[in-house]
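coords-v7.csv (CSV, C-alpha atoms)
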```csv
chain,number,residue,atom,x,y,z
A,1272,VAL,CA,-84.8,188.2,22.0
A,1273,ALA,CA,-81.9,189.1,19.8
A,1274,SER,CA,-79.3,189.5,22.5
A,1275,GLY,CA,-77.6,186.2,21.6
A,1276,ARG,CA,-77.9,184.9,25.2
A,1277,GLU,CA,-79.9,181.8,26.0
A,1278,GLU,CA,-82.2,182.0,29.0
A,1279,GLN,CA,-81.4,179.5,31.7
A,1280,PRO,CA,-84.2,177.5,33.2
A,1281,LEU,CA,-85.3,178.6,36.7
A,1282,ASP,CA,-85.2,176.0,39.5
A,1283,ILE,CA,-88.3,177.0,41.4
A,1284,THR,CA,-87.6,174.6,44.2
A,1285,ASP,CA,-84.1,176.1,44.8
A,1286,VAL,CA,-85.5,179.6,44.6
A,1287,LEU,CA,-88.2,178.8,47.2
A,1288,LYS,CA,-85.7,177.1,49.5
A,1289,ARG,CA,-83.3,180.1,49.4
A,1290,ALA,CA,-86.1,182.5,50.1
A,1291,GLN,CA,-87.4,180.4,53.0
A,1292,GLU,CA,-83.9,180.3,54.6
A,1293,GLU,CA,-83.5,184.1,54.2
A,1294,MET,CA,-86.8,184.7,55.9
A,1295,GLU,CA,-86.0,182.3,58.7
A,1296,ASN,CA,-82.6,183.9,59.3
A,1297,SER,CA,-83.7,187.6,58.9
A,1298,GLY,CA,-84.3,188.2,62.6
A,1299,LEU,CA,-80.9,186.8,63.7
A,1300,ASP,CA,-78.0,188.9,64.9
A,1301,ASP,CA,-75.0,189.0,62.6
A,1302,HIS,CA,-72.3,186.5,63.7
A,1303,PRO,CA,-69.3,185.1,61.9
A,1304,VAL,CA,-70.2,181.5,62.7
A,1305,PRO,CA,-72.5,180.1,60.0
A,1306,LEU,CA,-75.9,178.7,60.7
A,1307,LEU,CA,-76.3,174.9,60.5
A,1308,THR,CA,-78.7,175.4,57.5
A,1309,SER,CA,-75.9,176.9,55.4
A,1310,LEU,CA,-73.5,174.0,55.9
A,1311,SER,CA,-73.0,171.5,53.1
A,1312,GLN,CA,-75.4,168.6,53.1
A,1313,GLN,CA,-72.4,166.2,53.6
A,1314,THR,CA,-71.4,168.0,56.8
A,1315,LYS,CA,-75.1,168.2,58.0
A,1316,ASN,CA,-75.4,164.4,57.5
A,1317,ASP,CA,-72.6,163.8,60.0
A,1318,ILE,CA,-74.1,166.0,62.8
A,1319,PRO,CA,-76.2,164.0,65.3
A,1320,THR,CA,-79.8,164.9,66.2
A,1321,LEU,CA,-80.1,167.8,68.5
A,1322,TYR,CA,-83.4,168.4,70.4
A,1323,TYR,CA,-83.4,172.0,71.4
A,1324,GLN,CA,-85.7,172.2,74.4
A,1325,ARG,CA,-84.8,175.4,76.2
A,1326,HIS,CA,-82.8,178.6,75.7
A,1327,ASP,CA,-82.0,180.8,78.7
A,1328,TYR,CA,-79.8,183.7,77.6
A,1329,SER,CA,-78.3,186.0,80.2
A,1330,GLY,CA,-76.1,189.0,79.4
A,1331,ARG,CA,-74.0,188.0,82.5
A,1332,PRO,CA,-71.0,185.7,81.8
A,1333,GLY,CA,-71.6,182.1,82.8
A,1334,GLN,CA,-75.3,182.6,83.5
A,1335,SER,CA,-76.7,181.5,80.1
A,1336,GLN,CA,-77.9,177.9,79.6
A,1337,VAL,CA,-79.5,175.7,77.0
A,1338,VAL,CA,-81.1,172.3,77.1
A,1339,LEU,CA,-80.1,170.1,74.3
A,1340,ASN,CA,-81.1,166.4,74.1
A,1341,GLY,CA,-82.5,166.7,77.7
A,1342,LYS,CA,-79.2,168.0,79.1
A,1343,PRO,CA,-78.9,171.4,80.7
A,1344,LEU,CA,-75.7,172.9,79.2
A,1345,LYS,CA,-73.4,175.9,79.5
A,1346,PRO,CA,-70.5,176.7,77.2
A,1347,GLY,CA,-68.1,173.8,77.3
A,1348,GLY,CA,-70.8,171.2,77.8
A,1349,THR,CA,-71.4,168.2,75.5
A,1350,ALA,CA,-74.8,167.9,73.9
A,1351,ALA,CA,-74.1,164.7,71.9
A,1352,ALA,CA,-71.2,162.6,70.7
A,1353,GLY,CA,-68.7,165.1,69.3
A,1354,VAL,CA,-71.0,168.2,69.8
A,1355,ARG,CA,-69.8,170.8,72.3
A,1356,VAL,CA,-71.5,174.1,73.2
A,1357,LYS,CA,-69.1,177.0,72.4
A,1358,ASP,CA,-71.3,180.0,73.2
A,1359,ILE,CA,-74.9,181.0,73.9
A,1360,LEU,CA,-76.1,184.0,72.1
A,1361,PRO,CA,-79.4,185.9,72.5
A,1362,ASP,CA,-80.9,184.2,69.5
A,1363,SER,CA,-78.9,181.0,68.9
A,1364,VAL,CA,-76.3,178.7,70.3
A,1365,VAL,CA,-72.8,178.2,68.8
A,1366,LEU,CA,-71.8,174.5,68.6
A,1367,ASP,CA,-68.7,172.7,67.6
A,1368,TYR,CA,-68.9,169.3,65.9
A,1369,ARG,CA,-65.5,167.8,65.6
A,1370,GLY,CA,-63.9,171.1,64.6
A,1371,THR,CA,-66.8,172.5,62.5
A,1372,GLU,CA,-68.4,175.5,64.2
A,1373,PHE,CA,-72.0,176.3,63.4
A,1374,ARG,CA,-75.0,178.1,65.0
A,1375,LEU,CA,-78.4,176.6,65.7
A,1376,ARG,CA,-81.3,179.1,66.0
A,1377,ALA,CA,-82.8,179.2,69.5
A,1378,LEU,CA,-85.3,176.4,70.1
A,1379,ASN,CA,-84.9,174.9,66.6
A,1380,SER,CA,-84.0,171.3,66.7
A,1381,TRP,CA,-81.9,169.4,64.2
A,1382,ILE,CA,-83.3,166.0,63.3
A,1383,ASN,CA,-80.8,163.8,61.5
A,1384,LEU,CA,-82.7,160.9,59.9
```
Please lay out the structure from this file as structure tokens.
Amino acid sequence: VASGREEQPLDITDVLKRAQEEMENSGLDDHPVPLLTSLSQQTKNDIPTLYYQRHDYSGRPGQSQVVLNGKPLKPGGTAAAGVRVKDILPDSVVLDYRGTEFRLRALNSWINL
């Protein structure tokens, strides 16, 4: 090619990872709080394990509940050290970990090894 530009190598692993994340998140409602998967690896490394066992969403205020790490929780409840439930949405839960807000897709656990 005589365009004078050099082709950059394609990182197939990165492309596949981004495509998988887009597919996983395609059914989620739009929300300003980012999903856990989109946080930096350094931030994710700090967040403790969250076993997401139940998601009961109700359109009525104060009626929604999730079960994280074996604890039934409503907004304001603490799931793990430093992790507080901010809101329960139809398709996810909004959590706050020491000032960092993120969403976790309903019934998708976060295992921090």
Minimum-distance residue to Leu1310 in chain A, chosen among A:Asp1358, A:Asp1327, A:Glu1372, A:Asp1285 (using only C-alpha atoms):
A:Glu1372
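Among the candidates A:Ile1382, A:Ala1351, A:Ile1283, A:Leu1306, the one nearest to Val1364 in chain A when counting all atoms listed in the file is A:Leu1306.
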List the spatial neighbours of Lys1315 in chain A as a list in words - criterion: any atom at most 12 Å away, only C-alpha atoms, same-chain residues fewer than 3 positions off excluded.
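Everything that qualifies: Leu1306, Leu1307, Thr1308, Ser1309, Leu1310, Ser1311, Gln1312, Ile1318, Pro1319, Thr1320, Leu1321, Tyr1368, Thr1371, Glu1372, Phe1373, Leu1375, Trp1381, Ile1382, Asn1383 and Leu1384 of chain A.
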CA of Ala1377 in chain A to CA of Tyr1328 in chain A, straight-line distance in Å:
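Separation of CA of Tyr1328 in chain A and CA of Ala1377 in chain A: 9.7 Å.
When all atoms listed in the file are used to compute distances to Ser1335 in chain A, the closest of the residues A:Arg1376, A:Lys1357, A:Glu1278, A:Gly1370 turns out to be A:Lys1357.
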Can you work out the spacing between CA of Arg1331 in chain A and CA of Ser1380 in chain A in Å, to one decimal?
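Computing the Euclidean distance for CA of Arg1331 in chain A and CA of Ser1380 in chain A yields 25.1 Å.
For the atom pair formed by CA of Pro1303 in chain A and CA of Val1356 in chain A, the distance is 15.9 Å, given to one decimal.
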Sel. within 6 Å of pt (-84.4, 172.1, 72.5), counting all atoms listed in the file, output as a PyMOL selection string:
chain A and resi 1322-1325+1338-1339+1378+1380
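Surrounding residues of (-77.5, 165.2, 77.1) at most 6 Å away are Asn1340, Gly1341, Lys1342 and Ala1350 of chain A (based on only C-alpha atoms).
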What are the centre and edge lengths in Å, to one decimal, of the axis-aligned box around all listed atoms of range 1326-1335 of chain A with 6 Å added on each side, as AutoDock Vina command-line options?
```
--center_x -76.9 --center_y 183.8 --center_z 79.6 --size_x 23.8 --size_y 22.4 --size_z 19.8
```
Selected residue of minimal separation from Ser1363 in chain A among A:Thr1314, A:Thr1284, A:Asn1379, A:Ser1329, counting all atoms listed in the file:
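Comparing A:Thr1314, A:Thr1284, A:Asn1379, A:Ser1329 against Ser1363 in chain A, the winner is A:Asn1379.
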